[in-house]
$ cat model_7.cif   # mmCIF, C-alpha atoms and all ligand atoms
data_data
loop_
_atom_site.label_atom_id
_atom_site.label_comp_id
_atom_site.auth_asym_id
_atom_site.auth_seq_id
_atom_site.Cartn_x
_atom_site.Cartn_y
_atom_site.Cartn_z
CA MET A 2 154.49 149.29 172.08
CA LYS A 3 150.99 148.58 170.86
CA ARG A 4 149.88 148.28 167.28
CA MET A 5 146.66 147.21 165.69
CA VAL A 6 146.66 144.40 163.14
CA LEU A 7 144.13 142.84 160.82
CA PRO A 8 144.81 139.08 161.09
CA ARG A 9 141.91 138.16 158.77
CA PHE A 10 139.35 140.16 156.81
CA GLY A 11 136.40 141.60 158.75
CA VAL A 12 135.82 144.95 160.49
CA ASP A 13 135.45 142.99 163.75
CA ALA A 14 138.78 141.19 163.27
CA PHE A 15 141.27 143.84 164.47
CA THR A 16 143.52 142.79 167.35
CA ILE A 17 146.10 144.67 169.41
CA GLU A 18 149.66 143.34 169.29
CA GLU A 19 152.44 144.14 171.74
CA VAL A 20 155.79 144.39 169.89
CA PRO A 21 159.19 146.02 170.55
CA ILE A 22 159.62 149.66 169.46
CA PRO A 23 161.46 149.50 166.09
CA ARG A 24 164.79 151.29 165.61
CA PRO A 25 165.44 153.56 162.64
CA GLY A 26 168.12 152.75 160.06
CA PRO A 27 170.56 155.45 158.86
CA ARG A 28 168.06 157.30 156.60
CA GLU A 29 164.96 156.44 158.61
CA VAL A 30 162.87 158.21 161.23
CA LEU A 31 161.07 156.81 164.27
CA VAL A 32 157.70 158.53 164.67
CA ARG A 33 155.51 158.44 167.79
CA VAL A 34 152.09 158.42 166.13
CA ARG A 35 149.51 160.61 167.91
CA ALA A 36 146.49 160.43 165.62
CA ASN A 37 145.17 158.68 162.55
CA SER A 38 142.26 159.20 160.22
CA ILE A 39 140.26 156.66 158.29
CA ASN A 40 139.34 156.64 154.64
CA PHE A 41 136.78 154.68 152.65
CA ARG A 42 139.71 152.58 151.40
CA ASP A 43 140.42 151.41 154.96
CA LEU A 44 136.86 150.10 155.22
CA ARG A 45 137.30 148.19 151.97
CA VAL A 46 140.69 146.87 153.10
CA ALA A 47 139.14 145.51 156.30
CA GLN A 48 136.24 143.97 154.38
CA GLY A 49 138.63 142.22 152.00
CA LEU A 50 137.19 144.16 149.06
CA TYR A 51 140.19 146.39 148.34
CA ASP A 52 142.60 143.55 147.61
CA PRO A 53 141.29 140.08 148.50
CA ARG A 54 144.84 138.72 148.05
CA MET A 55 146.43 141.22 150.45
CA PRO A 56 148.89 139.33 152.68
CA LEU A 57 147.72 139.28 156.31
CA PRO A 58 148.27 140.20 159.07
CA ARG A 59 148.47 143.84 158.03
CA VAL A 60 148.75 147.02 160.13
CA PRO A 61 145.91 149.20 158.78
CA LEU A 62 145.52 152.87 157.78
CA SER A 63 147.43 155.14 155.44
CA ASP A 64 146.90 158.26 157.51
CA GLY A 65 148.80 159.20 160.63
CA SER A 66 150.52 162.16 162.24
CA GLY A 67 152.84 162.41 165.19
CA GLU A 68 156.22 163.58 166.36
CA VAL A 69 159.71 162.50 165.48
CA ALA A 70 161.07 160.42 168.37
CA GLU A 71 164.47 159.48 166.89
CA THR A 72 166.34 160.01 163.65
CA GLY A 73 168.83 157.72 161.91
CA SER A 74 172.46 158.79 161.62
CA ASP A 75 172.17 160.12 158.03
CA VAL A 76 168.79 161.86 158.33
CA THR A 77 168.87 165.49 157.21
CA ARG A 78 165.20 166.43 156.71
CA PHE A 79 163.95 166.07 160.32
CA ARG A 80 164.90 166.51 163.96
CA SER A 81 163.52 164.96 167.14
CA GLY A 82 160.31 166.70 168.12
CA ASP A 83 159.29 167.72 164.58
CA ARG A 84 155.56 167.33 163.94
CA VAL A 85 155.08 165.16 160.87
CA ALA A 86 152.66 163.13 158.78
CA ALA A 87 153.37 160.19 156.52
CA ILE A 88 152.81 160.40 152.77
CA PHE A 89 150.36 157.88 151.32
CA MET A 90 152.75 156.27 148.82
CA GLN A 91 156.08 156.28 150.57
CA THR A 92 158.13 156.45 147.34
CA TRP A 93 156.13 159.03 145.34
CA VAL A 94 158.18 162.09 146.17
CA ALA A 95 157.72 164.24 143.04
CA GLY A 96 156.74 164.21 139.39
CA LEU A 97 154.16 162.18 137.56
CA PRO A 98 152.55 159.01 138.96
CA ALA A 99 154.30 155.70 138.18
CA GLU A 100 153.15 152.13 138.66
CA ARG A 101 155.97 151.29 141.05
CA TYR A 102 154.80 153.83 143.66
CA SER A 103 151.69 151.85 144.57
CA ALA A 104 153.89 149.09 146.05
CA SER A 105 154.70 151.57 148.83
CA ALA A 106 151.12 152.52 149.78
CA LEU A 107 150.69 152.51 153.57
CA GLY A 108 147.94 150.33 155.04
CA GLY A 109 147.58 148.51 151.71
CA ALA A 110 150.69 147.21 149.98
CA ILE A 111 152.73 147.71 153.16
CA ASP A 112 151.97 148.03 156.89
CA GLY A 113 150.20 151.25 157.83
CA MET A 114 150.00 153.81 160.58
CA LEU A 115 147.74 152.38 163.32
CA SER A 116 150.67 151.81 165.60
CA GLU A 117 152.14 153.71 168.56
CA TYR A 118 155.46 153.98 166.73
CA VAL A 119 156.42 153.57 163.08
CA VAL A 120 159.77 153.68 161.32
CA LEU A 121 159.61 155.31 157.88
CA PRO A 122 162.19 156.57 155.37
CA GLU A 123 162.81 160.28 155.87
CA ASP A 124 161.60 160.81 152.29
CA GLY A 125 158.19 159.41 153.29
CA LEU A 126 157.30 162.20 155.74
CA VAL A 127 156.25 165.86 155.62
CA LEU A 128 156.09 168.56 158.29
CA ILE A 129 152.50 169.38 159.25
CA PRO A 130 151.01 172.91 159.33
CA GLU A 131 151.70 174.62 162.68
CA HIS A 132 148.11 175.68 163.36
CA LEU A 133 146.77 172.12 163.16
CA SER A 134 146.47 169.63 166.02
CA PHE A 135 147.68 166.07 165.46
CA GLU A 136 144.03 165.01 164.98
CA GLU A 137 143.51 167.67 162.32
CA ALA A 138 146.81 166.92 160.55
CA ALA A 139 146.01 163.20 160.49
CA THR A 140 143.13 163.93 158.10
CA LEU A 141 145.43 165.23 155.34
CA PRO A 142 147.56 162.45 153.77
CA CYS A 143 144.91 160.69 151.68
CA ALA A 144 141.71 162.77 151.35
CA ALA A 145 143.19 166.27 151.26
CA VAL A 146 146.15 165.43 149.00
CA THR A 147 143.74 163.68 146.61
CA ALA A 148 141.53 166.78 146.45
CA TRP A 149 144.60 168.98 145.99
CA ASN A 150 145.96 166.84 143.14
CA ALA A 151 142.56 166.84 141.41
CA LEU A 152 141.95 170.58 141.68
CA PHE A 153 145.39 172.09 141.26
CA TYR A 154 147.36 169.54 139.20
CA GLU A 155 144.90 167.78 136.93
CA SER A 156 142.03 170.29 136.70
CA ARG A 157 144.14 173.42 137.23
CA ILE A 158 141.26 175.45 138.63
CA LYS A 159 141.25 179.24 138.51
CA PRO A 160 139.45 181.90 140.55
CA GLY A 161 135.88 182.21 139.31
CA ASP A 162 135.70 178.60 138.04
CA THR A 163 132.83 176.38 139.13
CA VAL A 164 133.49 173.11 140.99
CA LEU A 165 131.04 170.32 141.84
CA VAL A 166 131.70 168.17 144.92
CA GLN A 167 129.67 165.01 145.54
CA GLY A 168 128.51 164.13 149.04
CA THR A 169 130.00 165.33 152.31
CA GLY A 170 132.75 162.79 153.00
CA GLY A 171 136.44 163.46 153.56
CA VAL A 172 137.60 164.07 149.97
CA SER A 173 134.58 166.18 149.05
CA LEU A 174 134.76 168.55 152.01
CA PHE A 175 138.48 169.10 151.44
CA ALA A 176 137.73 169.76 147.76
CA LEU A 177 135.06 172.26 148.82
CA GLN A 178 137.38 174.08 151.22
CA LEU A 179 140.39 174.08 148.88
CA ALA A 180 138.36 175.18 145.84
CA GLN A 181 136.91 178.08 147.82
CA MET A 182 140.36 179.02 149.01
CA ALA A 183 141.30 179.36 145.32
CA GLY A 184 138.31 181.59 144.59
CA ALA A 185 136.13 179.00 142.87
CA ARG A 186 132.34 178.79 143.20
CA VAL A 187 131.33 175.41 144.64
CA ILE A 188 128.12 173.46 144.09
CA ALA A 189 127.73 170.57 146.55
CA THR A 190 125.47 167.53 146.53
CA SER A 191 124.37 165.37 149.44
CA SER A 192 121.76 162.75 150.31
CA SER A 193 120.77 164.81 153.36
CA ASP A 194 119.19 168.27 153.60
CA ALA A 195 120.68 168.69 157.08
CA LYS A 196 124.18 168.06 155.66
CA LEU A 197 123.47 170.47 152.79
CA GLU A 198 122.72 173.13 155.37
CA ARG A 199 126.15 172.46 156.88
CA VAL A 200 127.98 172.65 153.53
CA ARG A 201 126.33 176.00 152.90
CA GLU A 202 127.72 177.14 156.25
CA LEU A 203 131.13 175.95 155.02
CA GLY A 204 130.68 178.19 151.98
CA ALA A 205 129.06 176.12 149.21
CA ALA A 206 127.29 178.59 146.92
CA GLU A 207 124.58 176.14 145.86
CA THR A 208 123.45 172.70 146.90
CA ILE A 209 121.44 169.82 145.46
CA ASN A 210 120.01 166.76 147.24
CA TYR A 211 121.02 163.85 144.98
CA LYS A 212 118.51 161.50 146.64
CA THR A 213 115.44 163.67 146.03
CA THR A 214 116.89 164.90 142.70
CA PRO A 215 118.46 161.81 141.09
CA ASP A 216 118.78 163.68 137.78
CA TRP A 217 120.94 166.31 139.52
CA SER A 218 122.90 167.15 136.37
CA ARG A 219 119.87 169.20 135.22
CA GLY A 220 120.05 171.26 138.41
CA VAL A 221 123.77 171.81 137.87
CA LYS A 222 123.13 172.99 134.31
CA GLN A 223 120.47 175.43 135.58
CA LEU A 224 122.72 176.74 138.33
CA THR A 225 125.47 177.41 135.77
CA GLY A 226 123.24 179.29 133.32
CA GLY A 227 122.90 176.24 131.04
CA LYS A 228 126.67 176.02 130.51
CA GLY A 229 127.57 173.13 132.81
CA ILE A 230 130.22 172.93 135.50
CA ASP A 231 133.95 173.50 134.92
CA HIS A 232 135.33 170.80 137.25
CA ILE A 233 133.83 167.75 138.93
CA VAL A 234 135.30 165.95 141.92
CA GLU A 235 133.79 162.55 141.05
CA VAL A 236 133.72 160.30 144.13
CA GLY A 237 130.49 158.43 143.37
CA GLY A 238 131.87 156.19 140.62
CA ALA A 239 129.56 153.86 138.75
CA GLY A 240 126.31 155.41 140.00
CA THR A 241 127.27 159.03 139.37
CA PHE A 242 129.60 159.10 136.37
CA THR A 243 126.87 159.47 133.74
CA GLN A 244 125.30 162.35 135.69
CA SER A 245 128.75 163.92 135.91
CA LEU A 246 129.16 163.60 132.13
CA ARG A 247 125.85 165.40 131.68
CA ALA A 248 126.68 168.10 134.24
CA VAL A 249 130.17 169.00 132.99
CA ARG A 250 130.59 171.87 130.54
CA VAL A 251 132.06 171.53 127.06
CA GLY A 252 135.82 171.39 127.59
CA GLY A 253 135.38 170.77 131.32
CA HIS A 254 137.15 168.33 133.65
CA ILE A 255 136.00 165.23 135.52
CA ASN A 256 138.37 163.97 138.22
CA VAL A 257 137.68 160.27 138.72
CA ILE A 258 138.45 159.59 142.36
CA GLY A 259 135.94 157.32 144.06
CA VAL A 260 133.82 154.23 143.85
CA LEU A 261 131.20 154.97 146.53
CA SER A 262 128.32 153.75 144.36
CA GLY A 263 130.13 150.93 142.55
CA VAL A 264 133.10 150.23 140.32
CA SER A 265 131.68 149.64 136.85
CA ALA A 266 128.80 150.97 134.80
CA GLU A 267 127.62 151.51 131.24
CA ILE A 268 128.91 154.92 130.14
CA PRO A 269 127.63 157.08 127.23
CA THR A 270 131.16 157.51 125.88
CA ALA A 271 130.01 159.59 122.90
CA LEU A 272 129.23 162.42 125.32
CA MET A 273 132.90 162.61 126.24
CA LEU A 274 133.99 163.41 122.71
CA GLN A 275 130.98 165.56 121.88
CA LYS A 276 131.82 167.71 124.89
CA SER A 277 135.62 167.50 124.41
CA ILE A 278 136.03 166.91 128.12
CA GLN A 279 139.09 165.84 130.05
CA VAL A 280 138.78 162.88 132.40
CA HIS A 281 141.55 162.53 134.97
CA GLY A 282 142.14 159.42 137.04
CA ILE A 283 143.49 160.45 140.43
CA TYR A 284 145.46 158.27 142.85
CA VAL A 285 146.22 160.43 145.90
CA GLY A 286 149.37 162.44 145.18
CA SER A 287 153.08 163.01 145.71
CA ARG A 288 155.06 164.43 148.61
CA ASP A 289 155.60 167.61 146.59
CA MET A 290 151.82 168.04 146.33
CA PHE A 291 151.40 167.40 150.06
CA GLU A 292 154.04 170.00 150.98
CA GLU A 293 152.63 172.55 148.58
CA MET A 294 149.13 171.97 149.98
CA ASN A 295 150.41 172.31 153.56
CA ARG A 296 151.86 175.72 152.72
CA ALA A 297 148.49 176.84 151.34
CA ILE A 298 146.61 175.36 154.32
CA GLY A 299 148.98 177.16 156.68
CA ARG A 300 148.62 180.50 154.90
CA HIS A 301 144.83 180.30 154.83
CA HIS A 302 144.48 178.73 158.29
CA LEU A 303 142.26 176.07 156.77
CA LYS A 304 140.78 173.75 159.41
CA PRO A 305 139.81 170.20 158.40
CA VAL A 306 136.26 169.15 159.26
CA ILE A 307 136.34 166.37 161.84
CA ASP A 308 133.12 164.51 162.52
CA ARG A 309 134.06 162.12 165.34
CA VAL A 310 137.12 160.90 167.20
CA PHE A 311 137.50 157.26 168.31
CA PRO A 312 140.20 155.65 170.48
CA MET A 313 142.64 153.29 168.74
CA GLN A 314 141.05 150.12 170.09
CA GLU A 315 137.73 151.14 168.51
CA ILE A 316 139.01 151.08 164.93
CA GLY A 317 136.34 148.51 164.03
CA LYS A 318 133.58 150.75 165.41
CA ALA A 319 135.02 153.74 163.56
CA LEU A 320 134.90 151.82 160.27
CA GLU A 321 131.35 150.58 160.97
CA TYR A 322 130.37 154.19 161.63
CA MET A 323 131.90 155.20 158.29
CA GLU A 324 129.88 152.49 156.57
CA THR A 325 126.62 154.04 157.86
CA GLY A 326 127.45 157.22 155.90
CA ARG A 327 126.25 159.40 158.79
CA HIS A 328 129.53 161.25 159.05
CA PHE A 329 130.27 164.76 157.77
CA GLY A 330 133.94 165.12 156.91
CA LYS A 331 136.64 163.04 158.53
CA ILE A 332 136.63 160.30 161.16
CA VAL A 333 139.72 160.38 163.36
CA ILE A 334 141.51 157.96 165.71
CA ARG A 335 143.25 159.49 168.72
CA GLN A 336 146.16 157.60 170.24
CA GLU A 337 146.90 157.80 173.95
CA ALA A 338 149.58 160.34 174.87
N1 LIG B 401 141.58 157.90 144.04
C1 LIG B 401 142.10 158.24 145.21
O1 LIG B 401 143.27 158.51 145.35
C2 LIG B 401 141.20 158.31 146.39
C3 LIG B 401 141.60 158.94 147.56
C4 LIG B 401 140.67 159.09 148.62
C5 LIG B 401 139.41 158.54 148.46
N2 LIG B 401 139.09 157.90 147.33
C6 LIG B 401 137.75 157.36 147.10
O2 LIG B 401 136.87 158.47 147.10
C7 LIG B 401 135.64 158.08 147.67
C8 LIG B 401 135.33 158.97 148.84
O3 LIG B 401 136.25 158.69 149.86
P1 LIG B 401 136.08 159.37 151.28
O4 LIG B 401 137.18 158.83 152.13
O5 LIG B 401 135.92 160.83 151.13
O6 LIG B 401 134.71 158.70 151.73
P2 LIG B 401 133.71 159.07 152.87
O7 LIG B 401 134.30 160.10 153.76
O8 LIG B 401 133.27 157.80 153.49
O9 LIG B 401 132.49 159.72 152.07
C9 LIG B 401 131.23 159.13 152.15
C10 LIG B 401 130.19 160.14 151.70
O10 LIG B 401 130.11 160.17 150.28
C11 LIG B 401 128.80 160.49 149.90
N3 LIG B 401 128.26 159.54 148.91
C12 LIG B 401 128.03 158.23 149.05
N4 LIG B 401 127.45 157.76 147.92
C13 LIG B 401 127.31 158.79 147.10
C14 LIG B 401 126.74 158.95 145.81
N5 LIG B 401 126.22 157.93 145.16
N6 LIG B 401 126.75 160.20 145.27
C15 LIG B 401 127.29 161.24 145.91
N7 LIG B 401 127.83 161.15 147.15
C16 LIG B 401 127.83 159.94 147.71
C17 LIG B 401 127.93 160.47 151.13
O11 LIG B 401 127.70 161.85 151.50
P3 LIG B 401 126.25 162.36 151.93
O12 LIG B 401 125.97 161.66 153.21
O13 LIG B 401 126.41 163.82 152.06
O14 LIG B 401 125.29 161.97 150.84
C18 LIG B 401 128.79 159.77 152.15
O15 LIG B 401 128.56 160.19 153.46
C19 LIG B 401 135.77 156.60 148.01
O16 LIG B 401 135.30 155.81 146.94
C20 LIG B 401 137.27 156.43 148.16
O17 LIG B 401 137.69 155.11 147.93
C21 LIG B 401 139.96 157.77 146.30
#

$ encode --input "model_7.cif" --output "structure tokens"
Amino acid sequence: MKRMVLPRFGVDAFTIEEVPIPRPGPREVLVRVRANSINFRDLRVAQGLYDPRMPLPRVPLSDGSGEVAETGSDVTRFRSGDRVAAIFMQTWVAGLPAERYSASALGGAIDGMLSEYVVLPEDGLVLIPEHLSFEEAATLPCAAVTAWNALFYESRIKPGDTVLVQGTGGVSLFALQLAQMAGARVIATSSSDAKLERVRELGAAETINYKTTPDWSRGVKQLTGGKGIDHIVEVGGAGTFTQSLRAVRVGGHINVIGVLSGVSAEIPTALMLQKSIQVHGIYVGSRDMFEEMNRAIGRHHLKPVIDRVFPMQEIGKALEYMETGRHFGKIVIRQEA
């Protein structure tokens, strides 16, 4: 079978390896991977910016979906032919986050999903929603579960709440779709008026161009009658956090998820206490969250937004495309049948 490896850092460094198909142990499952999706983290992994000390070679990507090809003798959760996706941290099944789970993060701490076949513990997989193709389901494990955790576990949004999503990447569009599904009113930002048009088509109630309106927190305050926004899906990081602090309402929630505009900044911390806000650090989510989200996605027939699909051997091109920021939603890798 073929798998892609990163032998050294660099988006141009990926090479295809030919290796034997692995066999599952008693409580393991062999999955024929059909599709993958990429996340901003995968770009940083390839660039050596995620963890410069990551042991190489490494099979990249956390996200993959496919079908069960073989089950170990003691497997009870799956049967051959089941359509599945891997969970981001293979050992975070339920409950609160714990430090030990990050040692099982696919495509980071351990080998990932850009492989024709993978063997994973049965606890590290979920069934995918029936109405989704493998390409669509491959978008869920990182971006969608992160948005789900932020909105429904940490922020606990309610119908009628207001939610701000930043930009039109994978996490933000899932947050937009999932928040709407829950009856929230979504305000979206983007650097592009053309993309803002598209998020309005997806259902965003209001939009702000953060390039032409760098002080966008004022616009958010106006759009919320001076009150501020209930929940922020904060993917910008250093360059957006202060604006988020200004935009959030008293008693509101900021979900710290991303680092798109940098990892550290000077923060007006007094605003946090004056506004009595809650700041939640989010690191993807558990298998329980993934399964719960899949039930909701299935019920509401939610369709992930896919921007472009690349073949497996073009993983480097797919990551370079992500770096341009031209995409809207998710970038997917299709594996040959
Ligand atoms: N904590 C976690 O568990 C977790 C999980 C998933 C992702 N993340 C992080 O979340 C972030 C987003 O990930 P992703 O996979 O969704 O990335 P992505 O798909 O590559 O999103 C990129 C988009 O974000 C928008 N953006 C860039 N800079 C921005 C800024 N300064 N302000 C507002 N929007 C900005 C742009 O949208 P426009 O073109 O519309 O402007 C850009 O196209 C990354 O930092 C990633 O590492 C964290």

$ closest_atom_pairs --input "model_7.cif" --of "segment 254-322 of chain A" --to "segment 133-156 of chain A" --cutoff "9 Å" --atoms "all atoms listed in the file" --output "CSV"
residue,atom,partner,partner_atom,distance
A:His254,CA,A:Ser156,CA,6.1
A:Ile255,CA,A:Ser156,CA,8.0
A:Asn256,CA,A:Ala151,CA,6.0
A:Val257,CA,A:Ala151,CA,8.6
A:Ile258,CA,A:Thr147,CA,7.9
A:Gln279,CA,A:Ser156,CA,8.5
A:His281,CA,A:Glu155,CA,6.5
A:Gly282,CA,A:Ala151,CA,8.6
A:Ile283,CA,A:Ala151,CA,6.5
A:Tyr284,CA,A:Thr147,CA,6.8
A:Val285,CA,A:Thr147,CA,4.1
A:Gly286,CA,A:Val146,CA,5.8
A:Ser287,CA,A:Val146,CA,8.0
A:Arg288,CA,A:Val146,CA,9.0
A:Met290,CA,A:Asn150,CA,6.8
A:Phe291,CA,A:Val146,CA,5.7
A:Met294,CA,A:Trp149,CA,6.7
A:Asn295,CA,A:Leu141,CA,8.8
A:Gly299,CA,A:Leu133,CA,8.5
A:His302,CA,A:Leu133,CA,8.5
A:Leu303,CA,A:Leu133,CA,8.8
A:Lys304,CA,A:Leu133,CA,7.3
A:Pro305,CA,A:Glu137,CA,6.0
A:Val306,CA,A:Glu137,CA,8.0
A:Ile307,CA,A:Glu137,CA,7.3
A:Val310,CA,A:Glu136,CA,8.3

$ closest_residue --input "model_7.cif" --among "A:Val76, A:Val236, A:Val34, A:Ala86" --to "ligand LIG 401 (chain B)" --atoms "all atoms listed in the file"
A:Val236

$ atom_distance --input "model_7.cif" --atom1 "atom CA of Val234 of chain A" --atom2 "atom CA of Leu165 of chain A"
6.1 Å

$ atom_distance --input "model_7.cif" --atom1 "atom CA of Gly238 of chain A" --atom2 "atom CA of Leu44 of chain A"
16.6 Å

$ residues_around --input "model_7.cif" --residues "Arg24 of chain A" --least-positions-apart "5" --cutoff "9 Å" --atoms "all atoms listed in the file" --output "PyMOL selection string"
chain A and resi 29-31+71+73+120

$ closest_residue --input "model_7.cif" --among "A:Glu198, A:Glu131, A:Asp83, A:Asp231" --to "ligand LIG 401 (chain B)" --atoms "all atoms listed in the file"
A:Glu198

$ closest_residue --input "model_7.cif" --among "A:Ser191, A:Ser103, A:Ser38, A:Gln48" --to "Arg9 of chain A" --atoms "all atoms listed in the file"
A:Gln48

$ atom_distance --input "model_7.cif" --atom1 "atom CA of Thr270 of chain A" --atom2 "atom CA of Arg247 of chain A"
11.1 Å

$ closest_residue --input "model_7.cif" --among "A:Pro23, A:Thr225, A:His301, A:Gly109" --to "Asn40 of chain A" --atoms "only C-alpha atoms"
A:Gly109
